[in-house]
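Text of the file structure-v7.txt, holding compact mmCIF, C-alpha atoms:
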```
# COMPACT_ATOMS: atom_id res chain seq x y z
CA MET A 30 205.50 91.03 81.82
CA ASP A 31 205.11 94.79 82.11
CA ILE A 32 201.64 96.20 81.52
CA GLU A 33 201.28 99.79 80.54
CA LEU A 34 198.06 101.50 81.58
CA GLN A 35 196.56 103.82 78.99
CA PRO A 36 194.41 106.77 80.06
CA ILE A 37 190.79 106.75 78.96
CA ASN A 38 189.60 109.89 77.30
CA ARG A 39 186.02 111.12 77.70
CA ASN A 40 184.29 114.32 76.83
CA GLY A 41 182.94 116.38 79.68
CA ASN A 42 179.32 115.78 78.85
CA ASP A 43 179.72 112.08 78.30
CA GLU A 44 181.47 111.68 81.62
CA ALA A 45 178.76 113.55 83.45
CA ALA A 46 176.06 111.47 81.83
CA TYR A 47 177.99 108.33 82.57
CA LEU A 48 178.51 109.19 86.23
CA SER A 49 174.88 110.28 86.77
CA ASN A 50 172.93 107.58 84.95
CA ASP A 51 175.10 104.54 84.41
CA ARG A 52 176.04 101.90 86.94
CA VAL A 53 178.47 99.07 86.42
CA THR A 54 177.48 95.64 87.56
CA ALA A 55 179.93 93.59 89.46
CA GLY A 56 180.92 90.32 87.88
CA ASN A 57 183.72 88.18 86.56
CA GLY A 58 183.46 89.48 83.01
CA ASP A 59 182.98 92.83 81.48
CA GLY A 60 180.73 95.16 83.42
CA VAL A 61 177.57 96.03 81.50
CA PRO A 62 176.19 99.41 82.47
CA TYR A 63 172.42 99.71 83.09
CA ARG A 64 170.27 102.79 83.46
CA VAL A 65 168.22 103.41 86.61
CA PRO A 66 164.84 104.86 85.54
CA ASP A 67 163.82 108.10 87.13
CA ALA A 68 160.72 108.09 89.44
CA THR A 69 157.63 109.46 87.66
CA GLU A 70 154.62 111.45 88.89
CA ARG A 71 152.40 108.47 88.11
CA ASP A 72 154.41 106.29 90.45
CA GLY A 73 153.96 108.87 93.20
CA LEU A 74 150.21 109.03 92.73
CA LEU A 75 149.95 105.25 92.66
CA SER A 76 151.82 104.95 95.92
CA VAL A 77 149.55 107.57 97.51
CA GLN A 78 146.44 105.71 96.35
CA ILE A 79 147.72 102.40 97.64
CA SER A 80 148.53 104.01 100.96
CA ALA A 81 145.02 105.52 101.17
CA VAL A 82 143.38 102.16 100.40
CA CYS A 83 145.44 100.43 103.05
CA ARG A 84 144.52 103.10 105.58
CA VAL A 85 140.79 102.74 104.78
CA LYS A 86 141.01 98.98 105.15
CA ARG A 87 142.68 99.35 108.52
CA GLU A 88 140.01 101.80 109.68
CA LEU A 89 137.16 99.56 108.50
CA HIS A 90 138.58 96.63 110.45
CA GLU A 91 138.98 98.60 113.64
CA VAL A 92 137.02 97.15 116.55
CA ILE A 93 134.37 99.56 117.83
CA PHE A 94 133.30 97.46 120.80
CA TRP A 95 133.52 93.80 121.71
CA LYS A 96 133.89 92.01 118.32
CA VAL A 97 131.96 94.57 116.32
CA ARG A 98 134.05 96.21 113.61
CA LEU A 99 133.45 99.48 111.78
CA TRP A 100 132.42 97.84 108.49
CA MET A 101 129.73 95.88 110.34
CA VAL A 102 128.30 99.09 111.78
CA ILE A 103 128.20 100.76 108.33
CA ILE A 104 126.35 97.81 106.77
CA PHE A 105 123.89 97.73 109.69
CA ILE A 106 123.12 101.46 109.29
CA PHE A 107 122.63 101.04 105.54
CA LEU A 108 120.22 98.13 106.02
CA LEU A 109 118.40 100.04 108.75
CA ILE A 110 117.81 103.00 106.41
CA ILE A 111 116.39 100.70 103.70
CA ALA A 112 114.13 98.99 106.25
CA VAL A 113 112.81 102.34 107.52
CA ILE A 114 112.03 103.49 103.96
CA LEU A 115 110.19 100.26 103.11
CA ILE A 116 108.20 100.31 106.35
CA SER A 117 107.27 103.96 105.79
CA LEU A 118 106.03 103.23 102.27
CA ALA A 119 104.00 100.27 103.50
CA VAL A 120 102.42 102.27 106.32
CA CYS A 121 101.60 105.20 104.01
CA SER A 122 99.94 102.90 101.48
CA VAL A 123 97.77 101.38 104.22
CA ILE A 124 96.70 104.55 105.99
CA HIS A 125 96.45 106.71 102.86
CA GLU A 126 92.85 107.54 102.23
CA ASP A 127 91.86 108.64 98.77
CA VAL A 128 89.27 111.38 99.09
CA ASP A 129 87.93 110.62 95.63
CA GLU A 130 87.10 107.06 96.68
CA ASN A 131 84.87 108.23 99.53
CA PHE A 132 81.42 108.88 98.20
CA ASP A 133 77.88 108.04 99.21
CA ARG A 134 76.24 106.18 96.34
CA SER A 135 72.81 106.79 97.86
CA LEU A 136 73.17 110.46 96.85
CA PHE A 137 73.46 109.50 93.17
CA LYS A 138 69.85 109.94 92.09
CA VAL A 139 69.85 112.03 88.90
CA PRO A 140 69.78 109.71 85.85
CA GLN A 141 71.61 110.27 82.58
CA TYR A 142 70.61 107.99 79.67
CA PHE A 143 72.52 107.15 76.50
CA ASN A 144 71.00 105.14 73.67
CA GLY A 145 72.55 103.77 70.53
CA SER A 146 73.35 100.69 68.51
CA PHE A 147 76.26 98.62 67.23
CA GLN A 148 76.73 95.74 64.81
CA LEU A 149 77.84 92.17 65.53
CA PRO A 150 79.42 91.08 62.21
CA ASN A 151 80.27 87.56 63.41
CA LEU A 152 76.59 86.66 63.93
CA VAL A 153 73.85 85.80 61.48
CA PHE A 154 70.41 87.15 62.23
CA THR A 155 67.74 84.55 63.00
CA GLU A 156 64.05 84.64 63.78
CA GLU A 157 64.73 83.92 67.46
CA LEU A 158 66.81 87.09 67.74
CA SER A 159 63.88 89.14 66.56
CA THR A 160 62.05 88.24 69.79
CA LEU A 161 63.89 89.39 72.90
CA SER A 162 62.07 86.82 75.05
CA SER A 163 63.63 83.87 73.20
CA ASN A 164 66.45 81.90 74.79
CA GLU A 165 68.92 82.89 72.08
CA SER A 166 68.12 86.57 72.44
CA GLN A 167 68.31 86.50 76.22
CA ALA A 168 71.64 84.67 76.21
CA LEU A 169 73.18 87.08 73.70
CA ALA A 170 71.77 90.12 75.49
CA ALA A 171 73.18 88.89 78.81
CA GLU A 172 76.67 88.50 77.31
CA LEU A 173 76.62 91.95 75.76
CA GLN A 174 75.25 93.58 78.91
CA GLU A 175 77.98 91.96 80.98
CA LYS A 176 80.61 93.17 78.51
CA LEU A 177 79.39 96.76 78.68
CA THR A 178 78.93 96.65 82.45
CA ASP A 179 82.48 95.40 83.06
CA LEU A 180 83.84 98.11 80.77
CA TYR A 181 82.16 101.02 82.51
CA ARG A 182 82.50 99.64 86.04
CA LEU A 183 86.28 99.52 85.60
CA SER A 184 86.49 102.99 84.08
CA PRO A 185 88.34 105.35 86.48
CA ALA A 186 86.26 108.31 85.35
CA LEU A 187 82.82 106.74 84.89
CA GLY A 188 82.85 103.74 87.23
CA ARG A 189 81.16 105.41 90.19
CA TYR A 190 78.40 106.92 88.09
CA PHE A 191 77.56 103.87 85.98
CA SER A 192 74.28 102.15 86.87
CA GLN A 193 73.40 99.58 84.21
CA ALA A 194 73.60 98.52 80.57
CA GLU A 195 70.58 97.12 78.78
CA ILE A 196 70.18 95.47 75.37
CA TYR A 197 66.56 95.96 74.41
CA ALA A 198 66.40 94.82 70.77
CA PHE A 199 68.17 92.95 67.97
CA ARG A 200 67.67 93.92 64.34
CA ASN A 201 68.62 92.46 60.99
CA GLY A 202 71.77 93.62 59.18
CA SER A 203 74.19 90.91 60.27
CA VAL A 204 72.97 91.52 63.81
CA ILE A 205 72.36 95.05 65.08
CA ALA A 206 71.93 95.47 68.84
CA ASP A 207 70.12 98.43 70.35
CA TYR A 208 71.35 99.39 73.80
CA GLN A 209 70.75 101.82 76.63
CA LEU A 210 73.32 102.97 79.22
CA THR A 211 72.19 104.49 82.52
CA PHE A 212 74.36 106.71 84.73
CA LEU A 213 73.39 108.25 88.08
CA MET A 214 74.75 111.57 89.36
CA PRO A 215 74.45 113.52 92.64
CA GLU A 216 72.16 116.53 92.47
CA GLU A 217 74.80 119.00 93.66
CA GLN A 218 77.20 118.26 90.81
CA GLN A 219 74.84 117.19 88.06
CA ASP A 220 75.41 120.21 85.80
CA GLN A 221 79.18 119.91 85.90
CA LEU A 222 79.12 116.13 85.50
CA ARG A 223 76.60 116.27 82.66
CA ASN A 224 78.82 118.65 80.69
CA ILE A 225 82.21 117.03 81.38
CA THR A 226 82.53 113.65 83.08
CA VAL A 227 79.25 112.02 82.10
CA SER A 228 78.99 113.81 78.79
CA ARG A 229 78.14 112.06 75.55
CA GLU A 230 81.72 112.58 74.31
CA MET A 231 83.25 110.91 77.37
CA VAL A 232 80.86 107.93 77.45
CA TYR A 233 81.16 107.43 73.69
CA ASN A 234 84.96 107.66 73.60
CA VAL A 235 85.41 105.17 76.44
CA LEU A 236 83.30 102.58 74.59
CA ARG A 237 84.85 103.31 71.21
CA GLN A 238 88.41 102.94 72.52
CA PHE A 239 87.46 99.63 74.12
CA LEU A 240 86.01 98.37 70.84
CA TYR A 241 89.13 99.32 68.89
CA ASP A 242 91.31 97.50 71.43
CA GLN A 243 89.35 94.23 71.22
CA GLU A 244 90.56 91.29 69.13
CA GLN A 245 88.01 89.93 66.66
CA ASP A 246 89.16 86.32 66.97
CA GLU A 247 89.17 86.40 70.79
CA SER A 248 85.78 88.12 71.07
CA GLY A 249 84.08 85.50 68.91
CA PRO A 250 80.36 85.97 68.27
CA ILE A 251 80.08 89.03 70.53
CA TYR A 252 82.71 90.98 68.61
CA ILE A 253 81.41 94.54 68.11
CA ASP A 254 82.36 96.46 64.98
CA PRO A 255 83.84 99.79 66.22
CA VAL A 256 82.86 101.61 63.03
CA SER A 257 79.20 100.71 63.51
CA LEU A 258 78.97 102.30 66.98
CA ASN A 259 76.59 105.20 67.41
CA MET A 260 75.35 106.88 70.56
CA PHE A 261 73.11 109.79 71.52
CA LEU A 262 72.00 111.41 74.74
CA ARG A 263 68.38 110.72 75.57
CA HIS A 264 66.69 113.73 77.12
```

What does the file become when written as structure tokens?
Amino acid sequence: MDIELQPINRNGNDEAAYLSNDRVTAGNGDGVPYRVPDATERDGLLSVQISAVCRVKRELHEVIFWKVRLWMVIIFIFLLIIAVILISLAVCSVIHEDVDENFDRSLFKVPQYFNGSFQLPNLVFTEELSTLSSNESQALAAELQEKLTDLYRLSPALGRYFSQAEIYAFRNGSVIADYQLTFLMPEEQQDQLRNITVSREMVYNVLRQFLYDQEQDESGPIYIDPVSLNMFLRH
């Protein structure tokens, strides 16, 4: 049998595209052309990044001496820096000396007195409370004095100057307690302290804020009504 070969016609552009982008697979049947994708810029960047990561890994695993590798040295330096910082902070906190905390209490001789009253709404006035020498009066006065003393002793501004708190009377009207607060100041600074730190406004506001922060249920019978608080400077 004679077979006649027929020429295949293609346009110029089609032939160029075919030759540049298409490949024919080898096989028993018809060859199916497939397109080879062009390399992109993203592929190039990815290969560079992978190469850089591999290089860093190799450098980190390089032996510096004996069996010590570079990554071990880096971790050791990092831990050493943290240890130095922590030790420095600990040493500074120990040796730091607060100038404000160094004072001679024996120099505090000038008294400053504040008198006033407040109401105890959770208590009912009794005859025993009218006499301060009774057991009930003494027990209640001791609780209130301890409450006021703890408040002013722990005050950052007034703690060093506070001397004592005294409850010297109970009056009817639920129960009204009359108190006296005593502060001591050094002679050299008495004018400045009297006008600013140990002023009536400062002493009053510290006590008032404490009373507003208290919980009535938790304070029980020695709950002090903040609204009833009054205070004046005794000359």

Grab the CA of Leu109 (chain A) to CA of Glu88 (chain A) distance for me, in Å with one decimal place.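 So the answer is 21.7 Å.
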
In terms of the shortest atom-to-atom distance over only C-alpha atoms, which of A:Ala198, A:Leu222, A:Leu89, A:Leu149 is closest to Leu240 (chain A)?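 Closest residue, counting only C-alpha atoms: A:Leu149.
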
Pick out the residues sitting within 12 Å of Ala170 (chain A), and hand them over as a ChimeraX atom specification; count only C-alpha atoms, and ignore anything fewer than 2 positions along from it in its own chain. /A:149,158-168,172-178,194-199,204-209,250-251

Rounded to one decimal in Å, what is the spacing between CA of Arg98 (chain A) and CA of Val77 (chain A)?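 Computing it gives 25.1 Å between the two atoms.
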
Contact residues around Phe239 (chain A) with only C-alpha atoms at 10 Å, ignoring same-chain residues under 4 positions, as a PyMOL selection string: chain A and resi 177+180+234-235+243+253+255

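When CA of Leu152 (chain A) is paired with CA of Ser203 (chain A), their separation reads 6.1 Å.
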
Need the shell around region 226-233 of chain A: protein/DNA/RNA residues with any atom at most 8 Å away, counting all atoms listed in the file. Skip same-chain ones fewer than 4 positions apart. Format as a ChimeraX atom specification? /A:141,143,186-187,190,212,221-222,237,260-262

Write a file for region 214-226 of chain A, containing all heavy atoms (output as a PDB file, in the first residue's frame).
```
ATOM      1  N   MET A 214       6.547  67.040 114.942  1.00  0.00           N
ATOM      2  CA  MET A 214       7.345  67.549 113.829  1.00  0.00           C
ATOM      3  C   MET A 214       8.694  68.036 114.342  1.00  0.00           C
ATOM      4  O   MET A 214       8.809  68.463 115.497  1.00  0.00           O
ATOM      5  CB  MET A 214       6.611  68.708 113.141  1.00  0.00           C
ATOM      6  CG  MET A 214       5.230  68.376 112.646  1.00  0.00           C
ATOM      7  SD  MET A 214       4.360  69.865 112.063  1.00  0.00           S
ATOM      8  CE  MET A 214       4.163  70.758 113.613  1.00  0.00           C
ATOM      9  N   PRO A 215       9.733  68.007 113.491  1.00  0.00           N
ATOM     10  CA  PRO A 215      11.020  68.605 113.879  1.00  0.00           C
ATOM     11  C   PRO A 215      10.928  70.126 113.872  1.00  0.00           C
ATOM     12  O   PRO A 215      10.178  70.719 113.092  1.00  0.00           O
ATOM     13  CB  PRO A 215      11.986  68.097 112.802  1.00  0.00           C
ATOM     14  CG  PRO A 215      11.124  67.794 111.625  1.00  0.00           C
ATOM     15  CD  PRO A 215       9.803  67.342 112.168  1.00  0.00           C
ATOM     16  N   GLU A 216      11.676  70.757 114.727  1.00  0.00           N
ATOM     17  CA  GLU A 216      11.601  72.217 114.860  1.00  0.00           C
ATOM     18  C   GLU A 216      12.017  72.941 113.583  1.00  0.00           C
ATOM     19  O   GLU A 216      11.437  73.962 113.220  1.00  0.00           O
ATOM     20  CB  GLU A 216      12.490  72.669 116.017  1.00  0.00           C
ATOM     21  CG  GLU A 216      12.016  72.207 117.382  1.00  0.00           C
ATOM     22  CD  GLU A 216      12.883  72.744 118.496  1.00  0.00           C
ATOM     23  OE1 GLU A 216      13.797  73.546 118.182  1.00  0.00           O
ATOM     24  OE2 GLU A 216      12.677  72.377 119.664  1.00  0.00           O
ATOM     25  N   GLU A 217      13.012  72.412 112.892  1.00  0.00           N
ATOM     26  CA  GLU A 217      13.544  73.096 111.710  1.00  0.00           C
ATOM     27  C   GLU A 217      12.518  73.195 110.586  1.00  0.00           C
ATOM     28  O   GLU A 217      12.537  74.133 109.803  1.00  0.00           O
ATOM     29  CB  GLU A 217      14.805  72.387 111.213  1.00  0.00           C
ATOM     30  CG  GLU A 217      15.964  72.419 112.203  1.00  0.00           C
ATOM     31  CD  GLU A 217      17.186  71.709 111.658  1.00  0.00           C
ATOM     32  OE1 GLU A 217      17.082  71.123 110.556  1.00  0.00           O
ATOM     33  OE2 GLU A 217      18.236  71.739 112.317  1.00  0.00           O
ATOM     34  N   GLN A 218      11.637  72.218 110.472  1.00  0.00           N
ATOM     35  CA  GLN A 218      10.700  72.183 109.349  1.00  0.00           C
ATOM     36  C   GLN A 218       9.256  72.382 109.787  1.00  0.00           C
ATOM     37  O   GLN A 218       8.339  72.153 108.999  1.00  0.00           O
ATOM     38  CB  GLN A 218      10.822  70.843 108.618  1.00  0.00           C
ATOM     39  CG  GLN A 218      12.215  70.525 108.135  1.00  0.00           C
ATOM     40  CD  GLN A 218      12.318  69.131 107.544  1.00  0.00           C
ATOM     41  OE1 GLN A 218      11.326  68.428 107.391  1.00  0.00           O
ATOM     42  NE2 GLN A 218      13.524  68.724 107.205  1.00  0.00           N
ATOM     43  N   GLN A 219       9.026  72.799 110.982  1.00  0.00           N
ATOM     44  CA  GLN A 219       7.665  72.820 111.506  1.00  0.00           C
ATOM     45  C   GLN A 219       6.742  73.744 110.713  1.00  0.00           C
ATOM     46  O   GLN A 219       5.575  73.405 110.483  1.00  0.00           O
ATOM     47  CB  GLN A 219       7.670  73.204 112.987  1.00  0.00           C
ATOM     48  CG  GLN A 219       8.258  74.570 113.293  1.00  0.00           C
ATOM     49  CD  GLN A 219       8.129  74.923 114.762  1.00  0.00           C
ATOM     50  OE1 GLN A 219       7.033  74.909 115.315  1.00  0.00           O
ATOM     51  NE2 GLN A 219       9.253  75.243 115.388  1.00  0.00           N
ATOM     52  N   ASP A 220       7.236  74.897 110.278  1.00  0.00           N
ATOM     53  CA  ASP A 220       6.369  75.824 109.546  1.00  0.00           C
ATOM     54  C   ASP A 220       5.922  75.235 108.208  1.00  0.00           C
ATOM     55  O   ASP A 220       4.744  75.310 107.838  1.00  0.00           O
ATOM     56  CB  ASP A 220       7.098  77.143 109.320  1.00  0.00           C
ATOM     57  CG  ASP A 220       7.342  77.890 110.625  1.00  0.00           C
ATOM     58  OD1 ASP A 220       6.572  77.668 111.585  1.00  0.00           O
ATOM     59  OD2 ASP A 220       8.308  78.678 110.686  1.00  0.00           O
ATOM     60  N   GLN A 221       6.877  74.663 107.494  1.00  0.00           N
ATOM     61  CA  GLN A 221       6.547  74.062 106.202  1.00  0.00           C
ATOM     62  C   GLN A 221       5.622  72.863 106.371  1.00  0.00           C
ATOM     63  O   GLN A 221       4.648  72.705 105.635  1.00  0.00           O
ATOM     64  CB  GLN A 221       7.830  73.648 105.477  1.00  0.00           C
ATOM     65  CG  GLN A 221       7.579  73.000 104.125  1.00  0.00           C
ATOM     66  CD  GLN A 221       8.885  72.578 103.458  1.00  0.00           C
ATOM     67  OE1 GLN A 221       9.955  72.788 104.007  1.00  0.00           O
ATOM     68  NE2 GLN A 221       8.775  71.985 102.286  1.00  0.00           N
ATOM     69  N   LEU A 222       5.921  72.009 107.346  1.00  0.00           N
ATOM     70  CA  LEU A 222       5.101  70.825 107.577  1.00  0.00           C
ATOM     71  C   LEU A 222       3.700  71.209 108.040  1.00  0.00           C
ATOM     72  O   LEU A 222       2.704  70.610 107.624  1.00  0.00           O
ATOM     73  CB  LEU A 222       5.768  69.926 108.615  1.00  0.00           C
ATOM     74  CG  LEU A 222       7.066  69.246 108.177  1.00  0.00           C
ATOM     75  CD1 LEU A 222       7.733  68.545 109.343  1.00  0.00           C
ATOM     76  CD2 LEU A 222       6.803  68.259 107.048  1.00  0.00           C
ATOM     77  N   ARG A 223       3.605  72.205 108.894  1.00  0.00           N
ATOM     78  CA  ARG A 223       2.304  72.618 109.420  1.00  0.00           C
ATOM     79  C   ARG A 223       1.396  73.147 108.307  1.00  0.00           C
ATOM     80  O   ARG A 223       0.174  72.960 108.352  1.00  0.00           O
ATOM     81  CB  ARG A 223       2.498  73.688 110.491  1.00  0.00           C
ATOM     82  CG  ARG A 223       1.189  74.113 111.166  1.00  0.00           C
ATOM     83  CD  ARG A 223       1.434  75.130 112.265  1.00  0.00           C
ATOM     84  NE  ARG A 223       2.009  74.510 113.452  1.00  0.00           N
ATOM     85  CZ  ARG A 223       3.254  74.696 113.871  1.00  0.00           C
ATOM     86  NH1 ARG A 223       4.069  75.505 113.177  1.00  0.00           N
ATOM     87  NH2 ARG A 223       3.699  74.115 114.965  1.00  0.00           N
ATOM     88  N   ASN A 224       1.977  73.749 107.301  1.00  0.00           N
ATOM     89  CA  ASN A 224       1.176  74.335 106.227  1.00  0.00           C
ATOM     90  C   ASN A 224       0.886  73.364 105.083  1.00  0.00           C
ATOM     91  O   ASN A 224      -0.049  73.589 104.311  1.00  0.00           O
ATOM     92  CB  ASN A 224       1.886  75.566 105.656  1.00  0.00           C
ATOM     93  CG  ASN A 224       1.989  76.687 106.670  1.00  0.00           C
ATOM     94  OD1 ASN A 224       1.109  76.855 107.515  1.00  0.00           O
ATOM     95  ND2 ASN A 224       3.079  77.452 106.597  1.00  0.00           N
ATOM     96  N   ILE A 225       1.694  72.311 104.958  1.00  0.00           N
ATOM     97  CA  ILE A 225       1.531  71.412 103.805  1.00  0.00           C
ATOM     98  C   ILE A 225       1.278  69.974 104.252  1.00  0.00           C
ATOM     99  O   ILE A 225       0.168  69.466 104.166  1.00  0.00           O
ATOM    100  CB  ILE A 225       2.777  71.479 102.888  1.00  0.00           C
ATOM    101  CG1 ILE A 225       2.993  72.909 102.395  1.00  0.00           C
ATOM    102  CG2 ILE A 225       2.612  70.537 101.704  1.00  0.00           C
ATOM    103  CD1 ILE A 225       4.247  73.095 101.566  1.00  0.00           C
ATOM    104  N   THR A 226       2.324  69.309 104.726  1.00  0.00           N
ATOM    105  CA  THR A 226       2.232  67.870 104.987  1.00  0.00           C
ATOM    106  C   THR A 226       1.317  67.541 106.154  1.00  0.00           C
ATOM    107  O   THR A 226       0.454  66.662 106.056  1.00  0.00           O
ATOM    108  CB  THR A 226       3.639  67.288 105.252  1.00  0.00           C
ATOM    109  OG1 THR A 226       4.495  67.639 104.171  1.00  0.00           O
ATOM    110  CG2 THR A 226       3.576  65.783 105.376  1.00  0.00           C
TER     111      THR A 226
END
```
